[in-house]
Structures are given as C-alpha cells and as structure tokens.
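The structure file input_4.txt is reproduced below (compact mmCIF, C-alpha atoms).
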# COMPACT_ATOMS: atom_id res chain seq x y z
CA MET N 1 0.00 0.00 0.00
CA ALA N 2 1.39 3.39 -0.95
CA TYR N 3 1.46 6.02 1.79
CA TYR N 4 1.59 9.74 1.31
CA TYR N 5 3.78 11.38 3.95
CA VAL N 6 3.19 15.02 4.82
CA GLU N 7 6.85 15.99 5.04
CA ASP N 8 6.73 19.31 3.34
CA ILE N 9 8.26 21.73 5.83
CA ASP N 10 5.99 24.63 4.89
CA SER N 11 2.84 22.50 5.28
CA SER N 12 3.96 21.21 8.68
CA LEU N 13 4.81 24.69 9.86
CA ILE N 14 1.38 25.94 8.81
CA VAL N 15 -0.38 23.17 10.75
CA VAL N 16 1.84 23.77 13.79
CA HIS N 17 1.08 27.49 13.64
CA MET N 18 -2.67 26.83 13.39
CA ILE N 19 -2.57 24.52 16.39
CA GLN N 20 -0.51 26.98 18.44
CA THR N 21 -3.03 29.72 17.64
CA CYS N 22 -5.72 27.58 19.28
CA SER N 23 -3.75 26.78 22.43
CA LYS N 24 -4.72 29.90 24.39
CA TYR N 25 -7.92 29.69 26.39
CA PHE N 26 -9.88 32.94 26.69
CA PRO N 27 -11.61 33.52 30.05
CA VAL N 28 -15.08 34.99 30.39
CA PRO N 29 -14.88 38.40 28.71
CA THR N 30 -16.48 41.70 29.56
CA VAL N 31 -17.51 42.03 25.92
CA THR N 32 -18.87 39.37 23.61
CA ASP N 33 -16.46 37.43 21.36
CA GLY N 34 -13.22 39.34 20.93
CA GLU N 35 -11.29 39.19 17.65
CA ASP N 36 -8.72 36.74 19.03
CA LEU N 37 -11.42 34.32 20.11
CA GLN N 38 -13.18 34.57 16.77
CA TYR N 39 -9.89 33.84 15.01
CA LYS N 40 -9.32 30.84 17.28
CA LEU N 41 -12.75 29.39 16.54
CA ARG N 42 -12.29 29.90 12.78
CA THR N 43 -8.89 28.18 12.93
CA LEU N 44 -10.32 25.23 14.85
CA ASN N 45 -13.04 24.90 12.26
CA LYS N 46 -10.42 24.91 9.46
CA LEU N 47 -8.42 22.19 11.21
CA TYR N 48 -11.54 20.12 11.73
CA THR N 49 -12.58 20.46 8.08
CA MET N 50 -9.07 19.63 6.88
CA TRP N 51 -8.81 16.44 8.95
CA ILE N 52 -12.34 15.33 8.11
CA GLU N 53 -11.45 15.60 4.42
CA GLU N 54 -8.21 13.65 5.03
CA GLN N 55 -9.97 11.00 7.10
CA PHE N 56 -9.78 8.32 4.39
CA ASN N 57 -6.35 9.25 3.03
CA ASP N 58 -3.24 7.32 4.06
CA SER N 59 -1.55 10.48 5.30
CA SER N 60 0.95 10.47 8.13
CA TYR N 61 1.86 13.53 10.16
CA GLN N 62 5.17 14.10 11.87
CA SER N 63 5.60 13.56 15.61
CA GLU N 64 5.74 17.33 16.12
CA ILE N 65 2.08 17.58 15.07
CA TYR N 66 1.12 14.93 17.65
CA LYS N 67 2.95 16.89 20.31
CA ARG N 68 1.32 20.19 19.38
CA ILE N 69 -2.23 18.82 19.16
CA CYS N 70 -1.88 17.20 22.60
CA GLU N 71 -0.46 20.41 24.08
CA MET N 72 -3.32 22.41 22.58
CA PHE N 73 -5.85 19.97 24.03
CA PHE N 74 -4.14 20.06 27.42
CA GLU N 75 -4.05 23.88 27.61
CA ASN N 76 -7.75 24.16 26.80
CA VAL N 77 -9.26 21.19 28.63
CA PHE N 78 -6.94 20.43 31.54
CA ARG N 79 -6.27 23.95 32.71
CA HIS N 80 -7.08 24.88 36.32
CA LEU N 81 -10.87 24.99 36.50
CA PRO N 82 -12.67 27.85 38.25
CA LEU N 83 -15.01 27.20 41.14
CA TYR N 84 -18.13 27.69 39.03
CA SER N 85 -17.24 24.53 37.09
CA TYR N 86 -18.08 22.49 40.19
CA THR N 87 -21.69 23.34 40.92
CA PRO N 88 -22.92 20.44 43.09
CA ASP N 89 -26.53 20.80 41.97
CA GLY N 90 -25.66 20.45 38.29
CA GLU N 91 -26.86 23.95 37.43
CA ILE N 92 -25.61 25.24 34.09
CA ASN N 93 -24.64 28.92 34.11
CA ILE N 94 -23.35 31.49 31.62
CA GLU N 95 -19.70 30.76 32.44
CA MET N 96 -20.14 27.09 31.58
CA MET N 97 -21.80 27.94 28.30
CA TRP N 98 -18.89 30.25 27.46
CA GLU N 99 -16.43 27.51 28.35
CA LEU N 100 -18.20 24.95 26.17
CA LYS N 101 -18.22 27.38 23.26
CA GLN N 102 -14.42 27.10 23.17
CA LEU N 103 -14.05 23.48 24.21
CA TYR N 104 -16.58 21.94 21.85
CA PRO N 105 -14.54 22.70 18.69
CA VAL N 106 -11.38 21.58 20.53
CA TYR N 107 -13.01 18.21 21.23
CA LYS N 108 -14.13 17.97 17.59
CA VAL N 109 -10.66 18.72 16.26
CA PHE N 110 -8.97 16.21 18.58
CA ALA N 111 -11.50 13.51 17.64
CA ALA N 112 -11.02 14.23 13.93
CA PHE N 113 -7.25 13.90 14.36
CA LEU N 114 -7.64 10.54 16.12
CA ASN N 115 -9.90 9.38 13.30
CA LEU N 116 -7.28 9.95 10.58
CA LYS N 117 -6.59 6.79 8.63
CA GLY N 118 -2.86 7.40 8.91
CA PHE N 119 -2.99 7.85 12.69
CA ASP N 120 0.08 6.36 14.42
CA GLU N 121 -0.31 5.38 18.07
CA GLU N 122 3.49 5.21 18.53
CA LYS N 123 3.75 8.92 17.84
CA LEU N 124 0.97 9.59 20.35
CA MET N 125 2.57 7.49 23.09
CA PRO N 126 4.98 10.12 24.51
CA TYR N 127 2.15 12.61 25.05
CA VAL N 128 -0.91 10.56 26.04
CA GLY N 129 -0.64 8.14 28.94
CA LYS N 130 -2.17 7.27 32.28
CA THR N 131 -2.17 10.86 33.56
CA PHE N 132 -3.88 12.13 30.42
CA ILE N 133 -6.57 9.41 30.59
CA ASN N 134 -7.27 10.00 34.29
CA ALA N 135 -7.58 13.75 33.71
CA LEU N 136 -9.94 13.15 30.78
CA ILE N 137 -12.17 10.84 32.83
CA GLN N 138 -12.18 13.33 35.70
CA ARG N 139 -13.16 16.07 33.29
CA MET N 140 -16.12 14.01 32.07
CA ASP N 141 -17.13 13.09 35.61
CA ASN N 142 -17.05 16.74 36.73
CA SER N 143 -18.84 18.32 33.78
CA CYS N 144 -22.43 19.49 34.20
CA MET N 145 -22.81 19.74 30.41
CA GLU N 146 -24.12 16.60 28.74
CA THR N 147 -22.74 17.77 25.39
CA GLU N 148 -19.24 17.97 26.84
CA ARG N 149 -19.55 14.56 28.50
CA ASP N 150 -20.58 13.06 25.17
CA CYS N 151 -17.54 14.64 23.49
CA VAL N 152 -15.16 13.24 26.09
CA LYS N 153 -16.83 9.82 25.88
CA LYS N 154 -16.32 9.81 22.11
CA ILE N 155 -12.63 10.67 22.53
CA LEU N 156 -12.18 7.89 25.08
CA PHE N 157 -13.83 5.45 22.67
CA LEU N 158 -11.47 6.57 19.91
CA LEU N 159 -8.40 6.27 22.13
CA PHE N 160 -9.56 2.81 23.14
CA GLU N 161 -9.88 1.77 19.48
CA LYS N 162 -6.79 3.53 18.11
CA ALA N 163 -4.20 3.16 20.89
CA PHE N 164 -3.89 -0.39 22.21
CA TYR N 165 -1.46 0.62 24.95
CA LEU N 166 -4.12 2.85 26.56
CA LYS N 167 -6.76 0.13 27.09
CA THR N 168 -5.57 -0.83 30.56
CA HIS N 169 -5.36 2.83 31.65
CA ILE N 170 -8.88 3.50 30.39
CA LEU N 171 -10.26 0.44 32.19
CA GLN N 172 -8.55 1.28 35.47
CA GLY N 173 -9.56 4.94 35.25
CA ILE N 174 -13.22 4.00 34.73
CA ILE N 175 -13.13 1.51 37.61
CA ASN N 176 -11.54 4.03 39.98
CA SER N 177 -14.09 6.70 39.07
CA LEU N 178 -17.03 4.32 39.56
CA LEU N 179 -15.61 3.15 42.88
CA ASN N 180 -15.44 6.79 44.01
CA TYR N 181 -19.04 7.44 43.06
CA GLY N 182 -20.89 8.91 46.02
CA HIS N 183 -17.72 9.60 48.02
CA ILE N 184 -17.20 12.98 46.36
CA SER N 185 -19.73 15.70 45.66
CA ILE N 186 -19.30 15.70 41.88
CA ASN N 187 -20.30 12.64 39.86
CA MET N 188 -22.05 13.87 36.74
CA GLY N 189 -20.58 11.37 34.29
CA VAL N 190 -21.72 8.06 35.77
CA LYS N 191 -23.96 7.27 32.77
CA GLU N 192 -21.12 7.80 30.33
CA LEU N 193 -18.72 5.80 32.51
CA LEU N 194 -21.15 2.87 32.54
CA GLU N 195 -21.45 3.02 28.75
CA LEU N 196 -17.67 2.86 28.46
CA PHE N 197 -17.49 0.04 31.00
CA ARG N 198 -20.03 -1.93 28.98
CA THR N 199 -17.89 -1.51 25.85
CA LEU N 200 -14.86 -2.86 27.73
CA MET N 201 -16.89 -5.92 28.70
CA TYR N 202 -17.71 -6.54 25.05
CA HIS N 203 -13.97 -6.51 24.34
CA LYS N 204 -13.38 -9.09 27.09
CA LEU N 205 -11.23 -6.73 29.17
CA VAL N 206 -13.32 -7.21 32.32
CA LYS N 207 -12.84 -10.50 34.11
CA SER N 208 -15.31 -12.52 36.15
CA PRO N 209 -15.05 -12.32 39.95
CA ILE N 210 -16.22 -15.93 40.27
CA ILE N 211 -12.65 -17.32 40.36
CA ALA N 212 -11.57 -14.97 43.12
CA LYS N 213 -14.84 -15.65 44.97
CA VAL N 214 -14.21 -19.41 44.96
CA VAL N 215 -10.61 -19.01 46.11
CA TYR N 216 -11.79 -16.65 48.85
CA LYS N 217 -14.23 -19.23 50.22
CA VAL N 218 -11.72 -22.09 50.13
CA PHE N 219 -9.11 -19.92 51.82
CA PHE N 220 -11.28 -19.12 54.83
CA PHE N 221 -12.68 -22.62 55.29
CA GLN N 222 -9.32 -24.48 55.26
CA GLU N 223 -8.40 -23.54 58.82
CA LYS N 224 -6.56 -26.76 59.71
CA HIS N 225 -4.12 -26.73 56.81
CA SER N 226 -1.88 -23.72 57.34
CA TYR N 227 0.44 -24.49 54.42
CA PHE N 228 -2.52 -24.90 52.12
CA ARG N 229 -3.86 -21.58 53.35
CA ILE N 230 -0.56 -19.84 52.61
CA VAL N 231 -0.61 -21.16 49.05
CA LEU N 232 -4.20 -20.07 48.64
CA PHE N 233 -3.33 -16.67 50.07
CA TYR N 234 -0.89 -16.06 47.23
CA ILE N 235 -3.42 -17.36 44.72
CA LEU N 236 -5.94 -14.93 46.16
CA CYS N 237 -3.46 -12.08 45.81
CA PHE N 238 -2.80 -13.11 42.23
CA PHE N 239 -6.51 -13.02 41.45
CA LYS N 240 -7.11 -9.76 43.30
CA TYR N 241 -7.43 -7.88 40.03
CA PHE N 242 -10.39 -10.09 39.16
CA LEU N 243 -12.30 -8.35 41.92
CA MET N 244 -11.14 -4.94 40.78
CA ASN N 245 -11.74 -5.64 37.10
CA GLY N 246 -14.87 -7.58 37.95
CA PHE N 247 -18.17 -6.19 38.97
CA VAL N 248 -17.73 -4.90 42.50
CA VAL N 249 -17.85 -1.49 40.81
CA LEU N 250 -21.44 -2.05 39.66
CA LEU N 251 -23.18 -3.34 42.77
CA PRO N 252 -22.55 -0.31 45.04
CA LEU N 253 -24.24 1.91 42.45
CA ILE N 254 -27.65 0.54 43.43
CA LYS N 255 -27.25 2.10 46.88
CA HIS N 256 -27.35 5.73 45.76
CA ASN N 257 -30.46 7.86 45.58
CA GLU N 258 -29.51 8.97 42.03
CA LEU N 259 -30.07 5.42 40.75
CA CYS N 260 -33.08 6.51 38.69
CA HIS N 261 -30.82 8.75 36.56
CA TYR N 262 -28.47 5.99 35.39
CA ALA N 263 -30.56 2.84 35.94
CA GLY N 264 -30.82 2.11 32.20
CA GLN N 265 -27.03 2.10 31.69
CA LEU N 266 -26.52 0.03 34.86
CA HIS N 267 -29.04 -2.57 33.68
CA GLU N 268 -27.27 -2.85 30.33
CA CYS N 269 -23.96 -3.39 32.14
CA PHE N 270 -25.48 -6.16 34.25
CA LYS N 271 -26.92 -7.91 31.19
CA THR N 272 -23.71 -7.53 29.21
CA ALA N 273 -21.73 -9.01 32.10
CA VAL N 274 -23.97 -12.07 32.16
CA HIS N 275 -24.23 -12.56 28.40
CA GLU N 276 -20.68 -11.66 27.36
CA VAL N 277 -18.46 -12.47 30.35
CA ASP N 278 -19.93 -15.15 32.62
CA ALA N 279 -23.47 -16.56 32.69
CA GLY N 280 -22.98 -17.47 36.36
CA LEU N 281 -22.88 -13.79 37.28
CA GLY N 282 -26.66 -13.47 36.95
CA ALA N 283 -27.50 -15.29 40.18
CA TRP N 284 -24.57 -13.60 41.92
CA PHE N 285 -25.89 -10.17 40.95
CA VAL N 286 -29.43 -11.00 42.08
CA ASP N 287 -28.24 -12.19 45.50
CA ASN N 288 -26.09 -9.09 45.96
CA VAL N 289 -28.85 -6.68 44.93
CA ILE N 290 -31.15 -8.26 47.53
CA GLY N 291 -28.33 -8.08 50.07
CA HIS N 292 -27.79 -4.35 49.40
CA TRP N 293 -31.52 -3.56 49.41
CA SER N 294 -31.99 -2.37 52.98
CA ALA N 295 -28.83 -0.22 52.84
CA SER N 296 -29.86 1.51 49.63
CA SER N 297 -31.12 5.08 49.59
CA ALA N 298 -32.46 4.72 46.04
CA ASP N 299 -36.18 4.92 45.34
CA VAL N 300 -38.05 1.62 45.47
CA PRO N 301 -39.29 1.68 41.83
CA SER N 302 -35.69 1.95 40.59
CA LEU N 303 -34.59 -0.88 42.86
CA CYS N 304 -37.47 -3.07 41.72
CA GLN N 305 -36.70 -2.28 38.10
CA THR N 306 -33.04 -3.22 38.63
CA LEU N 307 -33.92 -6.52 40.29
CA ALA N 308 -36.48 -7.27 37.57
CA GLU N 309 -33.93 -6.60 34.81
CA LEU N 310 -31.46 -8.94 36.47
CA TYR N 311 -33.88 -11.73 37.31
CA PHE N 312 -36.14 -11.71 34.24
CA GLN N 313 -33.72 -10.49 31.56
CA ALA N 314 -30.11 -11.16 32.57
CA CYS N 315 -30.40 -14.51 34.36
CA ASP N 316 -30.56 -17.68 32.31
CA GLN N 317 -32.87 -20.53 33.28
CA LYS N 318 -30.34 -21.99 35.69
CA GLY N 319 -29.79 -18.65 37.40
CA ARG N 320 -33.50 -18.06 37.81
CA ARG N 321 -34.00 -21.50 39.33
CA GLN N 322 -31.15 -20.77 41.70
CA THR N 323 -32.55 -17.42 42.87
CA HIS N 324 -36.29 -17.96 42.42
CA GLN N 325 -37.18 -18.61 46.05
CA SER N 326 -34.97 -15.84 47.44
CA VAL N 327 -36.46 -13.28 45.01
CA VAL N 328 -40.04 -14.28 45.91
CA ARG N 329 -39.31 -14.23 49.66
CA HIS N 330 -37.71 -10.81 49.38
CA ILE N 331 -40.53 -9.19 47.37
CA VAL N 332 -43.25 -10.69 49.58
CA SER N 333 -41.49 -9.56 52.75
CA CYS N 334 -41.33 -6.05 51.27
CA LEU N 335 -45.05 -6.23 50.53
CA LEU N 336 -45.82 -7.27 54.11
CA MET N 337 -43.63 -4.47 55.40
CA ALA N 338 -45.49 -1.99 53.18
CA VAL N 339 -48.60 -2.81 55.19
CA THR N 340 -47.12 -2.84 58.68
CA VAL N 341 -44.59 0.01 58.53
CA ASP N 342 -45.83 3.59 58.67
CA GLY N 343 -44.49 5.94 56.03
CA THR N 344 -44.27 3.40 53.20
CA THR N 345 -45.26 5.31 50.09
CA VAL N 346 -47.95 4.26 47.65
CA THR N 347 -45.35 4.34 44.88
CA ALA N 348 -43.24 1.75 46.69
CA CYS N 349 -46.19 -0.52 47.31
CA LEU N 350 -47.23 -0.34 43.66
CA ALA N 351 -43.67 -1.16 42.58
CA TYR N 352 -43.63 -4.31 44.73
CA THR N 353 -47.08 -5.28 43.48
CA GLU N 354 -45.99 -4.78 39.87
CA PHE N 355 -43.06 -7.10 40.52
CA CYS N 356 -45.54 -9.71 41.78
CA ASP N 357 -47.44 -9.23 38.52
CA ARG N 358 -44.31 -10.19 36.59
CA LEU N 359 -43.73 -13.18 38.87
CA ILE N 360 -47.23 -14.41 38.10
CA ASP N 361 -46.65 -13.92 34.36
CA ASP N 362 -43.42 -15.86 34.65
CA ALA N 363 -45.02 -18.72 36.58
CA ALA N 364 -47.86 -18.96 34.06
CA ALA N 365 -45.47 -18.98 31.08
CA ASN N 366 -42.90 -21.47 32.37
CA GLU N 367 -43.34 -25.16 32.99
CA TRP N 368 -40.11 -25.69 34.89
CA GLU N 369 -40.22 -26.64 38.56
CA LYS N 370 -43.97 -26.54 39.03
CA CYS N 371 -43.70 -27.51 42.71
CA ASP N 372 -41.42 -24.61 43.52
CA ASN N 373 -43.58 -22.30 41.45
CA GLY N 374 -46.69 -23.39 43.33
CA GLU N 375 -45.06 -22.75 46.68
CA ALA N 376 -43.74 -19.39 45.47
CA MET N 377 -47.14 -18.32 44.12
CA GLU N 378 -48.80 -19.18 47.43
CA ARG N 379 -46.25 -16.97 49.12
CA VAL N 380 -47.08 -14.19 46.64
CA ALA N 381 -50.77 -14.70 47.39
CA LYS N 382 -50.06 -14.19 51.09
CA GLY N 383 -48.42 -10.83 50.42
CA LEU N 384 -51.18 -9.70 48.06
CA ILE N 385 -53.86 -10.67 50.58
CA ALA N 386 -52.18 -8.46 53.18
CA ILE N 387 -52.22 -5.51 50.78
CA TYR N 388 -55.82 -6.21 49.82
CA ARG N 389 -57.04 -6.33 53.40
CA TYR N 390 -55.00 -3.70 55.18
CA HIS N 391 -53.50 -1.13 52.81
CA SER N 392 -55.11 2.31 52.91
CA ASP N 393 -54.64 3.27 49.24
CA TYR N 394 -57.36 2.32 46.79
CA ASN N 395 -54.99 1.82 43.83
CA CYS N 396 -52.85 -0.63 45.78
CA VAL N 397 -55.90 -2.55 46.96
CA ASP N 398 -57.43 -2.68 43.47
CA TYR N 399 -54.14 -3.83 41.90
CA SER N 400 -53.79 -6.63 44.47
CA ARG N 401 -57.39 -7.70 43.79
CA ARG N 402 -56.67 -8.08 40.07
CA LEU N 403 -53.60 -10.18 40.77
CA LEU N 404 -55.41 -12.38 43.28
CA ARG N 405 -58.09 -13.04 40.69
CA ARG N 406 -55.42 -14.12 38.23
CA LEU N 407 -53.95 -16.56 40.74
CA VAL N 408 -57.25 -18.39 41.22
CA SER N 409 -58.58 -18.14 37.66
CA ASP N 410 -55.53 -19.25 35.72
CA GLU N 411 -56.01 -22.61 34.02
CA ARG N 412 -52.53 -23.74 35.01
CA HIS N 413 -53.53 -23.89 38.72
CA LEU N 414 -50.79 -21.60 40.02
CA VAL N 415 -51.79 -22.21 43.66
CA GLY N 416 -53.04 -25.22 45.58
CA ASP N 417 -56.65 -25.86 46.52
CA ALA N 418 -56.30 -24.60 50.11
CA CYS N 419 -54.69 -21.33 49.00
CA ARG N 420 -57.24 -20.98 46.21
CA LEU N 421 -60.10 -21.26 48.72
CA THR N 422 -58.48 -18.68 51.00
CA VAL N 423 -58.08 -16.22 48.14
CA LEU N 424 -61.70 -16.67 47.04
CA GLN N 425 -62.91 -16.02 50.59
CA VAL N 426 -60.85 -12.84 50.74
CA LEU N 427 -62.16 -11.59 47.41
CA ILE N 428 -65.74 -12.01 48.58
CA GLU N 429 -65.12 -9.10 50.97
CA ASP N 430 -64.89 -6.72 47.94
CA ARG N 431 -62.83 -4.19 49.86
CA PRO N 432 -62.45 -1.73 46.93
CA LEU N 433 -66.23 -1.29 46.89
CA ALA N 434 -66.24 -0.75 50.64
CA MET N 435 -63.52 1.90 50.31
CA ILE N 436 -65.56 3.75 47.65
CA GLU N 437 -68.68 3.64 49.83
CA ASN N 438 -66.73 4.98 52.83
CA LEU N 439 -65.37 7.79 50.69
CA VAL N 440 -68.87 8.72 49.56
CA ASP N 441 -70.16 8.67 53.14
CA ASN N 442 -67.34 10.91 54.32
CA THR N 443 -68.08 13.49 51.64
CA LYS N 444 -71.74 13.88 52.65

Can I see the file as structure tokens?
Amino acid sequence: MAYYYVEDIDSSLIVVHMIQTCSKYFPVPTVTDGEDLQYKLRTLNKLYTMWIEEQFNDSSYQSEIYKRICEMFFENVFRHLPLYSYTPDGEINIEMMWELKQLYPVYKVFAAFLNLKGFDEEKLMPYVGKTFINALIQRMDNSCMETERDCVKKILFLLFEKAFYLKTHILQGIINSLLNYGHISINMGVKELLELFRTLMYHKLVKSPIIAKVVYKVFFFQEKHSYFRIVLFYILCFFKYFLMNGFVVLLPLIKHNELCHYAGQLHECFKTAVHEVDAGLGAWFVDNVIGHWSASSADVPSLCQTLAELYFQACDQKGRRQTHQSVVRHIVSCLLMAVTVDGTTVTACLAYTEFCDRLIDDAAANEWEKCDNGEAMERVAKGLIAIYRYHSDYNCVDYSRRLLRRLVSDERHLVGDACRLTVLQVLIEDRPLAMIENLVDNTK
C-alpha cells in the first residue's frame, strides 16, 4: 500500500502554527467574542474540516504535530478549573456555556485527528498516557454539560480503538471513578462511565469475579491446613485484580439515591456481564442486589426495576431456578412491610405489586419446577392478601385484587386448593367497593 507522507516543511509549519493559535484559552470576557477568540474558533473549524477531508487518506503527520495537538488539548481542557465549574446541583450557568463554546470545537478537532486513517499510536505514546486518561475521565465526571460529557466519551472510545497501549489505563480509570461514586460531591458522568465500562466488557477486558470468589471461600474454610492456606493466600493475591476488574464497581451503584438517573445504563452493564463475560454472574448479581436492598437510599421503583432486569432479563434458566425462592421471599417480605410500617409510600407498594405481577406472568409462562412455582405463588398470594385487606390506598388494593383473581382463575392452577379457597374467601369481601362507599359517606 502506498502512503503519502506530509513531510513538506511549509505544510507542517502551517499546521503547527494553526494549532498553536488555538492553544490559548480565553476567560469569560467583559464584551462578547473578541477578535482573538473569533480567530481561534475559525482556525479550529479549518483544522476540523481539513482532517475530516483527510480521514480516508493514508496520510501520516510528523511527531511534532502529535505533540502540538496534545499540548493544545491540554491547555484548553486540563487547565485549572474555576469554582463555578463544580456546581454540586448540576446547574448550568453562563460561564459554563462560554467555556463549552471554546471546548466543543477543541473536542471535535482532537476527535477528527484521532480518526485519521494514517494515525500512528506510537507517535501519540509520549504525550498521552495514564495521567492524560485520568484527567480526561475526571473532566467528564465533573462536567455538568451533557454535550461535553458526550464529546469526552467519544474521545475515550477513539483512544480505546486507536491506541492499544491505553486500554488498561482506560479500564482502570473507569473503575476508579465508579468506585469513588458517592464519596465525592461531583459525579455527573456516571452514565457515560457505565457506557464505556459496557464496551470494555464486550472486548473481554473485564474478568469474572467468580474465580476470586471461589478461592476466597476455600481460603477461609481451610483452617486446619496452614500451608494450604498460605498457598491459597498467594493465589488470592494473584486473582485480586479479578475483583477490581470484575463487577464490585457495579453493585454499590444501586445504593445511591440517584439510581433513577443511570438505571438504564446500569441494567445494560449487568446484562452484558452475564451474556458476554460469565453466565454465572446473573444469580450472583441478584443475591447481591437483595443483600444491598436495605442499605440503599435509592427509590423503590428503581430498585425493583433493577432486580427485575437482572432476574427476568439477565439470568438464564439456571440462574432463575437458583434465585427464584430468594427473590419471591424478598418481594413478599417487602409487601408485608409496606402494610405494617408507617411511612411506606404508595409508589413503593405499587412497585412491589408490579413485581408480583411479573412473577405471576413468569409462573404462568414457564413449565419448569412446578412444585417450587406453586409454593412461590402461594407466598405471593399471602403478600397480596395483606395488601388487599389492610392497605389504605385504593390503587394498591385494586391492583392486588386483580392479581389475586389471576392466581385463582388461571387454568394452570398456580396455587393449591387450600390457597385458592383462601383467596376466594378474601375476594368475597370486595374491599375496593367498601372503600368507595366509605369515601362517599365521608363526603356527605
């Protein structure tokens, strides 16, 4: 293949001069758009257009160009950030808009350069390493501007694809940032980090924690064999990165009250882990989500949605058999608590009841383990009866009535005869009608 090398001194000097012109960052002005800033933005646009047009040419730039483009990016993006860049409530102000006006074309130019067909990662290596990647991830995590976070995410994707030597740094930077989520006041980029983490799983860079988990158990149960324990200790140390590169970074994310904002990306990560890395992770995730439930400050609908995605979508048949009883026990206990504990919201009760709806659908659609299903459905019936009889909200009571009717009317006989009779006796009470009548009486 014939390559065209851009070695003409005049051409290189022109590109270097253009890049240097764009290296200065202009702070918030007292007047709108000075001449220097306008010239900078025009130059960035010219560079972007030039490299987009050269995207499919086998052109190769000298190392000096790599150095200058990285310096320009560093001076604009990694400069000392003012205090207004760290608004904890995510409020976007005029200063941020001004900042993005300069940074957006910088991100576009850098991405266009990385996309050049003649891009050479060896020439990039002296200027982009672990420090650069960590600063880039921190920038994304601190930015209140979704547009900026998307730009940084795109650059990280490109660096991952174009520079093999950076893959480990990108993985470790993402893991460290996710592990720090909630411990610092600024974590705006969790959705983008999860999208990147999912991509790394597709590329088989994230290992399963199952190996380390097994070694951990053997190590602590072999108390009588000290030599064996020493050997296992070193094996455990060797596999320590499995835990770091595994999925301990995902599970703590369900504990935060911002779960509703990134639940979709987290669910996709869970499913990708099960389908692409290790099918055995499904049951492990389900057990851990249930274990973290009481300590979570997230809203109940988001928690229920996360558990439903794991159990119904991520788990294979074996994983669902393994966790079926624990999931049913957990949801029913939450239903019973929704009746007995003051302050439980209607939204939470409806979320638990909706989960029971899906359990009933699943039991009706699957033939496997009918005995366990029957026992589980009778447990579900117990929880629904408690809601039907004692909950104060009409919507919750009416929803539970519809589900109880399904349990006793389904042709597959989801519950035994004794439970069926109990449910029918409860439904005779027609509590929703009684609640409506009481409401009418109280309004007279």

- [ ] Within 12 Å of Ala386 of chain N, counting only C-alpha atoms, which residues show up once you throw out same-chain ones fewer than 3 positions away? Write them as a VMD selection string, please.
- [x] chain N and resid 332 to 340 349 353 379 to 383 389 to 392 396 to 397 400 to 401 404 423 426 to 427 431

TODO: Work out how far apart atom CA of Ile175 of chain N and atom CA of Trp293 of chain N are and give it in Å to one decimal.
DONE: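 Spanning atom CA of Ile175 of chain N to atom CA of Trp293 of chain N is a straight-line distance of 22.4 Å.
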
Find the nearest atom pair between each residue of segment 98-202 of chain N and segment 33-47 of chain N for residues within 8 Å, count only C-alpha atoms, give distances in Å to one decimal, sort rows by chain and ascending number, and present the table as a Markdown table.
| residue | atom | partner | partner_atom | distance |
| --- | --- | --- | --- | --- |
| N:Gln102 | CA | N:Leu41 | CA | 7.2 |
| N:Pro105 | CA | N:Leu44 | CA | 6.2 |
| N:Val106 | CA | N:Leu44 | CA | 6.8 |
| N:Val109 | CA | N:Leu47 | CA | 6.5 |

Open item on the list: One decimal, in Å: what's the spacing between atom CA of Arg358 of chain N and atom CA of Thr272 of chain N?
Closed with: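 For atom CA of Arg358 of chain N relative to atom CA of Thr272 of chain N, the distance reads 22.0 Å.
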
- [ ] Provide the atom CA of Phe285 of chain N to atom CA of Ser177 of chain N distance in Å, to one decimal place.
- [x]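 Atom CA of Ser177 of chain N lies 20.7 Å from atom CA of Phe285 of chain N.
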
Task: Close residues, Ile360 of chain N itself excluded, 9 Å, only C-alpha atoms, min 3 positions apart in chain, as a list in words - done: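 Using only C-alpha atoms, the neighbours found are Phe355, Cys356, Asp357, Ala363, Ala364, Ala365, Met377, Val380, Leu403, Arg406, Leu407 and Leu414 of chain N.
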
If I only have part of segment 320-324 of chain N, can you fill in all heavy atoms and write it as a CSV table (one decimal), keeping the file's coordinate frame?
chain,number,residue,atom,x,y,z
N,320,ARG,N,-32.2,-18.4,37.3
N,320,ARG,CA,-33.5,-18.1,37.8
N,320,ARG,C,-34.0,-19.2,38.7
N,320,ARG,O,-34.6,-18.9,39.8
N,320,ARG,CB,-34.5,-17.8,36.7
N,320,ARG,CG,-34.3,-16.5,36.0
N,320,ARG,CD,-35.0,-16.4,34.7
N,320,ARG,NE,-36.4,-16.4,34.9
N,320,ARG,CZ,-37.3,-16.3,33.8
N,320,ARG,NH1,-36.8,-16.4,32.6
N,320,ARG,NH2,-38.6,-16.3,34.1
N,321,ARG,N,-33.7,-20.4,38.4
N,321,ARG,CA,-34.0,-21.5,39.3
N,321,ARG,C,-33.3,-21.3,40.7
N,321,ARG,O,-33.8,-21.6,41.7
N,321,ARG,CB,-33.6,-22.8,38.7
N,321,ARG,CG,-34.6,-23.3,37.6
N,321,ARG,CD,-34.0,-24.6,37.0
N,321,ARG,NE,-34.9,-25.1,36.0
N,321,ARG,CZ,-34.6,-26.1,35.2
N,321,ARG,NH1,-33.4,-26.7,35.3
N,321,ARG,NH2,-35.5,-26.6,34.3
N,322,GLN,N,-32.0,-20.9,40.5
N,322,GLN,CA,-31.2,-20.8,41.7
N,322,GLN,C,-31.6,-19.7,42.6
N,322,GLN,O,-31.5,-19.8,43.9
N,322,GLN,CB,-29.7,-20.5,41.2
N,322,GLN,CG,-28.7,-20.5,42.3
N,322,GLN,CD,-27.3,-20.3,41.7
N,322,GLN,OE1,-27.1,-20.6,40.5
N,322,GLN,NE2,-26.3,-19.9,42.6
N,323,THR,N,-32.2,-18.6,42.1
N,323,THR,CA,-32.6,-17.4,42.9
N,323,THR,C,-34.1,-17.2,43.0
N,323,THR,O,-34.5,-16.3,43.7
N,323,THR,CB,-32.0,-16.2,42.2
N,323,THR,OG1,-32.5,-16.0,40.9
N,323,THR,CG2,-30.5,-16.2,42.2
N,324,HIS,N,-34.8,-18.1,42.5
N,324,HIS,CA,-36.3,-18.0,42.4
N,324,HIS,C,-36.9,-17.8,43.8
N,324,HIS,O,-37.6,-16.8,44.1
N,324,HIS,CB,-36.9,-19.2,41.7
N,324,HIS,CG,-38.4,-19.1,41.6
N,324,HIS,ND1,-39.0,-18.1,40.9
N,324,HIS,CD2,-39.4,-19.8,42.0
N,324,HIS,CE1,-40.3,-18.2,40.9
N,324,HIS,NE2,-40.6,-19.3,41.6
